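So this one's work.cif, mmCIF, C-alpha atoms:
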data_coords
#
loop_
_atom_site.label_atom_id
_atom_site.label_comp_id
_atom_site.auth_asym_id
_atom_site.auth_seq_id
_atom_site.Cartn_x
_atom_site.Cartn_y
_atom_site.Cartn_z
CA MET Q 1 62.34 64.48 100.77
CA SER Q 2 64.20 67.63 99.74
CA TRP Q 3 63.59 69.16 103.18
CA MET Q 4 65.28 66.16 104.77
CA ARG Q 5 68.34 66.64 102.57
CA GLY Q 6 68.38 70.32 103.48
CA ILE Q 7 68.33 69.51 107.20
CA THR Q 8 71.09 66.92 106.73
CA CYS Q 9 73.26 69.40 104.86
CA GLN Q 10 72.72 72.03 107.55
CA LEU Q 11 73.73 69.54 110.24
CA HIS Q 12 76.92 68.78 108.32
CA VAL Q 13 77.67 72.51 108.10
CA TRP Q 14 77.16 72.97 111.84
CA ARG Q 15 79.32 69.93 112.58
CA ALA Q 16 82.15 71.30 110.42
CA ALA Q 17 81.84 74.70 112.11
CA ARG Q 18 82.04 73.02 115.51
CA VAL Q 19 85.21 71.15 114.49
CA ARG Q 20 86.84 74.37 113.26
CA TRP Q 21 85.86 76.17 116.45
CA LYS Q 22 87.35 73.43 118.64
CA ALA Q 23 90.58 73.44 116.60
CA ASP Q 24 90.91 77.23 116.93
CA MET Q 25 90.20 77.04 120.64
CA GLY Q 26 92.81 74.31 121.06
CA GLU Q 27 95.40 76.41 119.23
CA PHE Q 28 94.54 79.45 121.35
CA LYS Q 29 94.83 77.53 124.62
CA ALA Q 30 98.12 75.96 123.53
CA ALA Q 31 99.57 79.40 122.75
CA GLN Q 32 98.46 80.75 126.12
CA LYS Q 33 99.91 77.74 127.94
CA GLU Q 34 103.23 78.06 126.12
CA ALA Q 35 103.38 81.75 126.98
CA ARG Q 36 102.81 81.02 130.66
CA ARG Q 37 105.46 78.30 130.61
CA THR Q 38 108.15 80.41 128.97
CA GLY Q 39 107.20 83.66 130.65
CA LYS Q 40 107.12 85.45 127.30
CA ARG Q 41 104.40 87.71 126.06
CA PRO Q 42 101.98 85.61 124.00
CA GLU Q 43 101.50 86.37 120.35
CA GLN Q 44 98.35 88.32 119.67
CA HIS Q 45 95.69 85.71 119.10
CA LEU Q 46 92.02 86.59 119.32
CA GLY Q 47 90.98 83.00 119.78
CA PRO Q 48 88.27 81.27 117.76
CA ALA Q 49 85.73 83.47 116.07
CA PRO Q 50 82.34 83.56 117.86
CA ASN Q 51 79.57 81.46 116.35
CA GLY Q 52 76.11 80.17 117.10
CA PHE Q 53 77.35 77.49 119.49
CA GLY Q 54 78.12 80.18 122.05
CA LEU Q 55 74.43 81.12 122.24
CA LEU Q 56 73.01 77.60 122.44
CA PRO Q 57 73.43 77.13 126.24
CA TRP Q 58 70.96 79.98 126.81
CA LEU Q 59 68.21 77.68 125.60
CA LEU Q 60 68.37 76.15 129.08
CA MET Q 61 66.22 79.10 130.19
CA GLY Q 62 63.35 77.24 128.56
CA MET Q 63 63.86 74.09 130.64
CA GLY Q 64 61.07 75.15 133.03
CA ALA Q 65 58.55 75.24 130.21
CA PHE Q 66 59.87 71.94 128.84
CA SER Q 67 59.52 70.35 132.28
CA ASN Q 68 55.92 71.52 132.52
CA VAL Q 69 55.11 69.92 129.18
CA ILE Q 70 56.78 66.62 130.12
CA GLN Q 71 55.08 66.47 133.53
CA GLY Q 72 51.65 67.26 132.08
CA LYS Q 73 51.29 70.53 133.98
CA THR Q 74 50.57 72.41 130.79
CA ALA Q 75 47.15 72.64 129.22
CA ASN Q 76 47.11 71.40 125.64
CA PRO Q 77 50.63 69.89 125.89
CA TRP Q 78 50.77 69.17 122.14
CA ILE Q 79 50.40 72.84 121.36
CA GLY Q 80 53.02 73.72 123.97
CA GLY Q 81 55.39 71.05 122.65
CA LEU Q 82 55.01 72.23 119.07
CA GLY Q 83 55.57 75.83 120.24
CA LEU Q 84 58.78 74.79 122.03
CA LEU Q 85 60.02 72.94 118.94
CA ALA Q 86 59.22 75.85 116.63
CA PHE Q 87 60.81 78.44 118.93
CA ASN Q 88 64.00 76.44 119.50
CA SER Q 89 64.35 75.68 115.78
CA LEU Q 90 63.95 79.35 114.83
CA TYR Q 91 66.34 80.40 117.62
CA ILE Q 92 69.04 78.04 116.32
CA TYR Q 93 68.39 79.16 112.73
CA VAL Q 94 68.69 82.87 113.57
CA THR Q 95 71.70 82.66 115.88
CA PHE Q 96 73.80 80.62 113.47
CA ARG Q 97 72.99 83.00 110.62
CA SER Q 98 73.85 86.01 112.78
CA PHE Q 99 77.60 85.47 112.49
CA VAL Q 100 77.66 85.86 108.70
CA LYS Q 101 76.92 89.43 107.67
CA GLU Q 102 75.22 88.55 104.39
CA LYS Q 103 72.94 85.99 106.06
CA ARG Q 104 72.32 88.24 109.05
CA GLU Q 105 71.00 91.01 106.80
CA ALA Q 106 68.99 88.68 104.57
CA PRO Q 107 65.14 88.94 104.57
CA ALA Q 108 64.87 85.29 105.69
CA THR Q 109 66.51 86.15 109.01
CA ARG Q 110 64.09 89.06 109.56
CA VAL Q 111 61.13 86.79 108.80
CA ALA Q 112 62.42 84.17 111.26
CA LEU Q 113 62.74 86.83 113.97
CA ALA Q 114 59.19 88.00 113.34
CA LEU Q 115 57.90 84.41 113.62
CA MET Q 116 59.84 84.00 116.88
CA ALA Q 117 58.18 87.14 118.25
CA VAL Q 118 54.71 85.83 117.31
CA ILE Q 119 55.38 82.41 118.87
CA THR Q 120 56.87 83.99 122.02
CA CYS Q 121 53.84 86.22 122.52
CA GLY Q 122 51.47 83.32 121.92
CA LEU Q 123 53.20 81.02 124.40
CA ALA Q 124 53.62 83.75 127.02
CA LEU Q 125 50.01 84.89 126.84
CA GLY Q 126 48.71 81.32 126.66
CA TYR Q 127 50.68 79.80 129.53
CA GLY Q 128 52.50 82.53 131.50
CA GLY Q 129 54.86 81.52 134.32
CA SER Q 130 58.17 80.08 133.11
CA TRP Q 131 57.03 80.57 129.50
CA LEU Q 132 57.61 84.30 129.95
CA TYR Q 133 61.38 83.67 129.93
CA PHE Q 134 61.24 83.13 126.21
CA PHE Q 135 61.24 86.94 125.89
CA PRO Q 136 64.91 87.23 127.04
CA LEU Q 137 65.76 84.45 124.59
CA LEU Q 138 64.01 86.44 121.87
CA GLY Q 139 66.13 89.40 122.95
CA LEU Q 140 69.32 87.34 122.57
CA ALA Q 141 68.38 86.32 119.05
CA THR Q 142 67.37 89.90 118.16
CA GLY Q 143 70.61 91.37 119.55
CA SER Q 144 72.73 88.88 117.63
CA ALA Q 145 70.92 89.45 114.32
CA LEU Q 146 70.10 93.18 114.43
CA ARG Q 147 73.11 95.42 115.11
CA GLY Q 148 72.12 98.54 113.24
CA PRO Q 149 71.03 102.02 114.29
CA TRP Q 150 67.43 100.84 114.94
CA LEU Q 151 68.45 98.32 117.58
CA GLY Q 152 67.68 100.65 120.50
CA GLN Q 153 64.10 101.28 119.37
CA ILE Q 154 63.55 97.59 118.65
CA ALA Q 155 64.91 96.66 122.11
CA LEU Q 156 62.54 99.14 123.76
CA GLY Q 157 59.65 97.70 121.76
CA LEU Q 158 60.50 94.14 122.82
CA THR Q 159 60.84 95.30 126.43
CA ALA Q 160 57.42 96.94 126.32
CA LEU Q 161 55.93 93.82 124.73
CA ALA Q 162 57.50 91.58 127.40
CA ALA Q 163 56.29 93.85 130.21
CA THR Q 164 52.73 93.92 128.83
CA ALA Q 165 52.56 90.13 128.49
CA SER Q 166 54.01 89.66 131.98
CA VAL Q 167 51.51 92.09 133.57
CA PHE Q 168 48.66 90.37 131.75
CA ARG Q 169 49.67 86.86 132.92
CA SER Q 170 51.55 87.30 136.21
CA GLY Q 171 50.97 90.84 137.44
CA TRP Q 172 53.41 93.65 138.13
CA SER Q 173 55.73 91.59 140.33
CA ALA Q 174 57.11 89.46 137.49
CA SER Q 175 56.94 92.08 134.74
CA SER Q 176 59.97 94.06 135.91
CA ASN Q 177 62.31 91.03 135.88
CA VAL Q 178 61.15 89.82 132.47
CA ALA Q 179 61.26 93.31 130.95
CA TYR Q 180 64.73 94.04 132.40
CA GLY Q 181 66.07 90.68 131.23
CA THR Q 182 64.69 91.21 127.72
CA PHE Q 183 66.22 94.69 127.34
CA LEU Q 184 69.56 93.64 128.85
CA SER Q 185 69.92 90.49 126.76
CA THR Q 186 69.14 92.39 123.55
CA MET Q 187 71.56 95.29 124.09
CA VAL Q 188 74.43 93.39 125.74
CA THR Q 189 74.42 90.66 123.11
CA ALA Q 190 74.51 93.20 120.28
CA ALA Q 191 77.27 95.23 122.01
CA ILE Q 192 79.53 92.24 122.70
CA LEU Q 193 79.17 90.73 119.23
CA SER Q 194 79.62 94.10 117.51
CA LEU Q 195 82.76 94.81 119.54
CA SER Q 196 84.18 91.37 118.77
CA GLU Q 197 83.49 91.83 115.07
CA ALA Q 198 85.08 95.30 115.08
CA VAL Q 199 88.22 94.01 116.83
CA ARG Q 200 88.61 91.23 114.29
CA GLU Q 201 88.11 93.62 111.38
CA LEU Q 202 90.77 95.95 112.82
CA GLN Q 203 93.13 93.02 113.26
CA ALA Q 204 92.56 91.94 109.67
CA ALA Q 205 93.08 95.52 108.46
CA ARG Q 206 96.34 95.80 110.43
CA GLU Q 207 97.62 92.54 108.97
CA LYS Q 208 96.69 93.73 105.49
CA LEU Q 209 98.51 97.04 106.00
CA ALA Q 210 101.58 95.21 107.31
CA HIS Q 211 101.52 92.93 104.26
CA GLN Q 212 101.22 95.94 101.94
CA ALA Q 213 104.12 97.65 103.71
CA VAL Q 214 106.28 94.56 103.20
CA GLU Q 215 105.30 94.38 99.52
CA LYS Q 216 106.04 98.09 99.07
CA GLU Q 217 109.47 97.76 100.68
CA ARG Q 218 110.23 94.68 98.60
CA LEU Q 219 109.27 96.55 95.44
CA ARG Q 220 111.42 99.55 96.45
CA PHE Q 221 114.43 97.38 97.14
CA SER Q 222 114.12 95.36 93.92
CA ARG Q 223 113.70 98.56 91.90
CA ASP Q 224 116.69 100.24 93.55
CA LEU Q 225 118.81 97.14 93.16
CA HIS Q 226 117.93 96.87 89.47
CA ASP Q 227 118.76 100.50 88.81
CA LEU Q 228 121.98 100.41 90.83
CA LEU Q 229 123.41 97.16 89.54
CA GLY Q 230 122.22 97.60 85.96
CA HIS Q 231 124.05 100.90 85.60
CA THR Q 232 127.11 99.90 87.62
CA LEU Q 233 127.67 96.61 85.83
CA SER Q 234 127.22 98.29 82.45
CA VAL Q 235 129.87 100.88 83.34
CA ILE Q 236 132.23 98.15 84.58
CA VAL Q 237 131.79 96.15 81.36
CA VAL Q 238 132.35 99.20 79.15
CA LYS Q 239 135.45 100.33 81.06
CA SER Q 240 136.81 96.78 81.11
CA GLU Q 241 136.48 96.63 77.30
CA ALA Q 242 138.16 100.02 77.02
CA ALA Q 243 141.04 98.88 79.26
CA ARG Q 244 141.46 95.73 77.16
CA ARG Q 245 141.64 97.77 73.96
CA LEU Q 246 144.05 100.34 75.40
CA ALA Q 247 146.38 97.93 77.23
CA PRO Q 248 148.57 96.89 74.22
CA GLY Q 249 149.32 100.46 73.11
CA ASN Q 250 148.63 102.80 76.02
CA LEU Q 251 149.18 101.14 79.38
CA GLU Q 252 148.71 104.36 81.33
CA ALA Q 253 145.25 104.98 79.84
CA ALA Q 254 144.34 101.34 80.49
CA LEU Q 255 145.39 101.71 84.14
CA THR Q 256 143.20 104.80 84.37
CA GLN Q 257 140.23 102.79 83.18
CA ILE Q 258 141.04 100.03 85.69
CA GLY Q 259 141.19 102.64 88.45
CA ASP Q 260 137.77 103.87 87.36
CA ILE Q 261 136.47 100.30 87.57
CA GLU Q 262 137.72 100.03 91.13
CA SER Q 263 136.13 103.36 92.03
CA VAL Q 264 132.82 102.39 90.44
CA GLY Q 265 132.82 99.06 92.30
CA ARG Q 266 133.48 100.71 95.67
CA GLN Q 267 130.78 103.29 95.03
CA ALA Q 268 128.36 100.52 94.07
CA LEU Q 269 128.98 98.75 97.37
CA THR Q 270 128.23 101.97 99.26
CA GLU Q 271 125.06 102.61 97.26
CA ILE Q 272 123.79 99.06 97.77
CA ARG Q 273 124.26 99.40 101.54
CA GLU Q 274 122.37 102.70 101.45
CA ALA Q 275 119.62 101.17 99.33
CA VAL Q 276 119.19 98.36 101.87
CA THR Q 277 118.72 100.87 104.68
CA GLY Q 278 116.41 103.00 102.53
CA TYR Q 279 118.26 106.28 103.03
CA ARG Q 280 119.89 106.71 99.64
CA GLU Q 281 119.51 110.19 98.12
CA GLY Q 282 121.17 110.60 94.76
CA SER Q 283 122.83 113.79 93.55
CA LEU Q 284 122.05 114.91 90.03
CA THR Q 285 125.48 116.50 89.65
CA THR Q 286 127.16 113.25 90.66
CA GLU Q 287 125.02 111.24 88.23
CA LEU Q 288 125.80 113.65 85.40
CA ASP Q 289 129.55 113.27 86.09
CA ARG Q 290 129.21 109.50 86.08
CA ALA Q 291 127.21 109.70 82.85
CA ARG Q 292 130.02 111.65 81.17
CA SER Q 293 132.55 109.05 82.29
CA ALA Q 294 130.45 106.07 81.21
CA LEU Q 295 129.60 107.56 77.81
CA SER Q 296 133.20 108.55 77.12
CA ALA Q 297 134.41 105.05 77.97
CA ALA Q 298 131.84 103.65 75.52
CA ALA Q 299 133.08 105.98 72.75
CA VAL Q 300 129.89 108.06 72.94
CA GLU Q 301 130.32 111.84 72.92
CA PRO Q 302 128.53 113.29 75.98
CA VAL Q 303 126.92 116.74 75.81
CA VAL Q 304 125.47 118.00 79.09
CA ARG Q 305 123.39 121.17 79.40
CA ARG Q 306 121.89 122.36 82.68
CA THR Q 307 120.01 125.61 83.22
CA GLY Q 308 117.74 126.97 85.91
CA ALA Q 309 117.56 127.03 89.69
CA PRO Q 310 119.09 124.46 92.06
CA LEU Q 311 116.71 121.64 92.85
CA ALA Q 312 115.50 120.05 96.07
CA PRO Q 313 117.28 116.82 97.12
CA GLN Q 314 114.23 114.66 96.40
CA THR Q 315 113.86 116.09 92.90
CA GLU Q 316 117.57 115.64 92.21
CA ALA Q 317 117.36 112.04 93.41
CA LEU Q 318 114.50 111.23 91.02
CA LEU Q 319 116.21 112.89 88.05
CA GLY Q 320 119.44 111.12 88.99
CA TRP Q 321 117.65 107.77 88.63
CA VAL Q 322 116.44 108.85 85.17
CA VAL Q 323 119.96 109.83 84.07
CA ARG Q 324 121.36 106.56 85.38
CA GLU Q 325 118.79 104.36 83.61
CA ALA Q 326 118.74 106.32 80.34
CA VAL Q 327 122.54 106.43 80.03
CA THR Q 328 122.73 102.71 80.84
CA ASN Q 329 120.35 102.02 77.93
CA VAL Q 330 122.42 104.23 75.63
CA VAL Q 331 125.62 102.40 76.54
CA ARG Q 332 124.11 98.93 76.29
CA HIS Q 333 121.56 99.11 73.48
CA ALA Q 334 121.62 102.30 71.41
CA GLY Q 335 124.78 101.92 69.29
CA ALA Q 336 125.07 105.73 69.40
CA THR Q 337 128.05 108.05 68.91
CA ARG Q 338 126.55 111.09 70.63
CA CYS Q 339 124.28 111.59 73.65
CA GLU Q 340 122.79 114.89 74.82
CA ILE Q 341 121.57 115.36 78.39
CA THR Q 342 119.55 118.53 79.01
CA VAL Q 343 118.18 119.74 82.36
CA GLN Q 344 115.84 122.76 82.30
CA SER Q 345 113.94 124.14 85.26
CA SER Q 346 111.25 126.82 85.42
CA PRO Q 347 109.37 128.18 88.44
CA GLU Q 348 106.70 125.48 87.96
CA ARG Q 349 108.36 122.41 86.44
CA VAL Q 350 111.74 120.84 85.74
CA SER Q 351 112.43 118.64 82.73
CA LEU Q 352 115.26 116.27 81.87
CA THR Q 353 115.91 114.99 78.36
CA VAL Q 354 118.38 112.28 77.34
CA ALA Q 355 118.64 111.94 73.57
CA ASP Q 356 121.04 109.86 71.46
CA ASN Q 357 121.65 109.38 67.75
CA GLY Q 358 121.61 105.60 67.82
CA GLU Q 359 119.30 103.02 66.30
CA GLY Q 360 116.19 104.49 67.92
CA VAL Q 361 114.67 101.22 69.22
CA PRO Q 362 115.94 99.44 72.36
CA SER Q 363 116.80 95.79 71.98
CA THR Q 364 115.00 94.82 75.23
CA PRO Q 365 111.36 93.64 75.39
CA SER Q 366 108.84 96.44 75.51
CA SER Q 367 106.83 97.30 78.60
CA PRO Q 368 103.03 96.96 78.35
CA SER Q 369 102.55 100.30 80.06
CA LEU Q 370 105.05 102.08 77.82
CA PRO Q 371 104.80 100.86 74.23
CA GLY Q 372 108.20 100.76 72.59
CA ILE Q 373 110.05 101.32 75.86
CA GLY Q 374 112.53 98.78 77.14
CA GLY Q 375 112.35 96.61 80.22
CA THR Q 376 111.68 97.04 83.88
CA GLY Q 377 114.04 99.98 84.39
CA LEU Q 378 111.97 102.59 82.55
CA LYS Q 379 108.77 101.06 83.89
CA GLY Q 380 110.09 101.48 87.44
CA LEU Q 381 111.07 105.08 86.67
CA THR Q 382 107.56 105.77 85.39
CA GLU Q 383 106.13 104.55 88.70
CA ARG Q 384 108.60 106.67 90.71
CA LEU Q 385 107.83 109.85 88.77
CA ALA Q 386 104.07 109.25 88.80
CA ALA Q 387 104.17 108.95 92.60
CA ALA Q 388 105.84 112.38 92.74
CA GLY Q 389 103.33 113.97 90.33
CA GLY Q 390 105.64 113.74 87.32
CA SER Q 391 105.71 111.85 84.04
CA LEU Q 392 108.11 109.95 81.77
CA ARG Q 393 108.03 109.76 77.98
CA ALA Q 394 110.35 107.57 75.96
CA GLY Q 395 110.53 106.49 72.35
CA PRO Q 396 112.27 106.91 69.00
CA SER Q 397 113.02 110.50 68.02
CA PRO Q 398 111.79 111.90 64.66
CA ARG Q 399 115.37 112.99 63.92
CA GLY Q 400 116.68 109.51 64.68
CA GLY Q 401 117.87 107.95 67.87
CA PHE Q 402 116.02 107.44 71.14
CA THR Q 403 114.78 110.11 73.55
CA VAL Q 404 113.80 109.88 77.21
CA THR Q 405 112.04 112.91 78.74
CA ALA Q 406 111.15 113.23 82.42
CA GLU Q 407 109.11 116.06 83.95
CA LEU Q 408 108.54 116.88 87.61
CA PRO Q 409 106.78 119.70 89.47
CA VAL Q 410 109.15 122.09 91.24
CA GLU Q 411 108.88 121.71 95.01
CA ALA Q 412 108.77 124.63 97.43
CA ASP Q 413 112.42 124.09 98.32
CA ASP Q 414 113.33 124.27 94.63
CA ALA Q 415 111.62 127.59 94.01
CA SER Q 416 113.06 129.24 97.14
CA GLU Q 417 116.58 129.35 95.66
CA PRO Q 418 117.65 132.19 93.35
CA VAL Q 419 117.75 131.34 89.67
CA ALA Q 420 121.25 130.55 88.47
CA ALA Q 421 122.04 129.34 84.99
CA THR Q 422 124.89 127.07 84.09
CA ALA Q 423 126.38 127.47 80.66
CA PRO Q 424 126.07 124.46 78.37
CA THR Q 425 129.03 122.15 78.63
CA ALA Q 426 130.30 119.47 76.34
CA SER Q 427 132.93 116.93 77.12
#
Let's see the structure in the file written out as structure tokens.
Amino acid sequence: MSWMRGITCQLHVWRAARVRWKADMGEFKAAQKEARRTGKRPEQHLGPAPNGFGLLPWLLMGMGAFSNVIQGKTANPWIGGLGLLAFNSLYIYVTFRSFVKEKREAPATRVALALMAVITCGLALGYGGSWLYFFPLLGLATGSALRGPWLGQIALGLTALAATASVFRSGWSASSNVAYGTFLSTMVTAAILSLSEAVRELQAAREKLAHQAVEKERLRFSRDLHDLLGHTLSVIVVKSEAARRLAPGNLEAALTQIGDIESVGRQALTEIREAVTGYREGSLTTELDRARSALSAAAVEPVVRRTGAPLAPQTEALLGWVVREAVTNVVRHAGATRCEITVQSSPERVSLTVADNGEGVPSTPSSPSLPGIGGTGLKGLTERLAAAGGSLRAGPSPRGGFTVTAELPVEADDASEPVAATAPTAS
């Protein structure tokens, strides 16, 4: 009784597919009706996906043969009835499998098609007349299941087979109609189903690309926001502590620190607005000036050295992010008294090094991709630099302290400027 259970399971699958198809069709019609009512352009909806139910009505082409069997106009009606049952069963089996790529390309589907061809030839040669119209039905099943480069040759072979059987049974007058119907049903069915499948794949690809674009923009914004606010809030905290310490004995110096806090806050608002719009381009010179101010307020001696040619805006922006994140870590975690920032550029590459004499190990959790490196900030910088063909190294220095080194290839705009060296400065 296992074959009975298999048939029952298959019927349940077809019933579930029919329910899903009707639900999709109802949703599609409702969307179209709402669009007509409101006069707005309807949302792009491809409607329910095609399935085997769309090819079942074509079985009505075999009603003439079925009528002959019922009315006793067919010799050996039991053989004809069994042939009808076998052909219709194989037709349903093949067409429903044709809408799943893995099943369509499976050997079982090819075997079922071959059996259909044998049964069709047997019935057509044995009875002729309306039984010849099983060749177009065979073409429908073949076009739905075989959509590869060999379809044209197979369609011509089926057409020739249909024409030969028709000439043998009914003469030349009927052969042209049967042959034309067989070729047309094979090619048109394959073309329509292939086009529908391609459109749905393109729609799915477009939705996937749109989703990836949203995820990429979300990642960019979260990364920018982390880098902006992490540095800005650290500077505000450090300068607030400095103002609190200076206020009892040096009110003027404390007011200077408070003014810096106001300036940093206003600048942060501007940078956040620019980050939201996606047009923020940092200046390395500006970031180095801010680094001096933040380090000095935290009682860390800043030493800045910059040599080489001017850099392209994109390169300066990336290095500015590195300076911002590295100096923020020095202020917050290092416990250092001195921090050296060195920028060196050659005709091929530019490097930035931020080294301190602190404890040498950040207090934040390490990143899996960068052993010993703190948090999401340096991980985000690694991703930024890698996308631009650069690299980031960070870790304890052999001489003590913590060192962050970033390297980037020099862009064409960088190399086009004359080389100009800036003397080392310390403040």
#### Entry: the PyMOL selection byres ((chain Q and resi 89) around 12) resolved against shown file, as a ChimeraX atom specification
/Q:7,56,59,82-88,90-96,112-113,115-116,119,141
* What do you get, as a ChimeraX atom specification, if you spell out every residue that the PyMOL selection byres ((chain Q and resi 388) around 10) selects here? -> /Q:314-315,318,383-387,389-391,408-409
Where's the centre, and what are the edge lengths in Å to one decimal, of a box along x, y and z enclosing all listed atoms of segment 237-240 of chain Q padded 6 Å per side, as lines of an AutoDock Vina configuration file?
center_x = 134.3
center_y = 98.2
center_z = 80.3
size_x = 17.0
size_y = 16.2
size_z = 14.2
When the PyMOL selection byres ((chain Q and resi 398-400) around 9) is applied to the file above, which residues end up in the set, as JSON, numbers by chain? {"Q": [356, 357, 358, 359, 360, 396, 397, 401, 402]}
Could you give me, as a list in words, the residues within 12 Å of Gly157 of chain Q, counting all atoms listed in the file and dropping anything in the same chain fewer than 4 positions from it?
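The neighbour list is Ala117, Phe135, Gly139, Thr142, Trp150, Leu151, Gly152, Gln153, Leu161, Ala162, Ala163, Thr164, Ala179, Thr182, Phe183 and Thr186 of chain Q.
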As a check of understanding: the span from atom CA of Leu251 of chain Q to atom CA of Ala268 of chain Q is 25.5 Å
Check which residues of segment 266-338 of chain Q sit at most 7 Å from segment 235-239 of chain Q using all atoms listed in the file, and return one row each with the closest pair of atoms and their distance in Å to one decimal, ordered by chain and rising number, as a tab-separated table.
residue	atom	partner	partner_atom	distance
Q:Ala294	CA	Q:Val235	CA	5.6
Q:Ala297	CA	Q:Lys239	CA	5.7
Q:Ala298	CA	Q:Val238	CA	5.8
- [ ] Please provide as a ChimeraX atom specification all residues within 7 Å of Ala65 of chain Q, with the sequence filter that same-chain residues fewer than 4 positions apart are discarded (counting all atoms listed in the file).
- [x] /Q:69,130-131
Gap from atom CA of Gly129 of chain Q to atom CA of Arg169 of chain Q - Å, one decimal:
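According to the coordinates, atom CA of Gly129 of chain Q and atom CA of Arg169 of chain Q are separated by 7.6 Å.
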query: From the list Q:Gln344, Q:Gln257, Q:Ser176, Q:Lys216, which residue is nearest Arg245 of chain Q when using all atoms listed in the file?
result: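 Using all atoms listed in the file, Arg245 of chain Q sits closest to Q:Gln257.
Around the point (61.3, 80.8, 127.4), within 6 Å and counting only C-alpha atoms, we find these residues: Met61, Gly62, Trp131, Leu132, Tyr133 and Phe134 of chain Q.
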What separates atom CA of Glu241 of chain Q and atom CA of Glu325 of chain Q is a distance of 20.3 Å
**Prompt:** Quick one: of Q:Thr405, Q:Glu252, Q:His333, Q:Ser263, who's nearest to Leu319 of chain Q, counting only C-alpha atoms?
**Reply:**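 Using only C-alpha atoms, the shortest distance to Leu319 of chain Q belongs to Q:Thr405.
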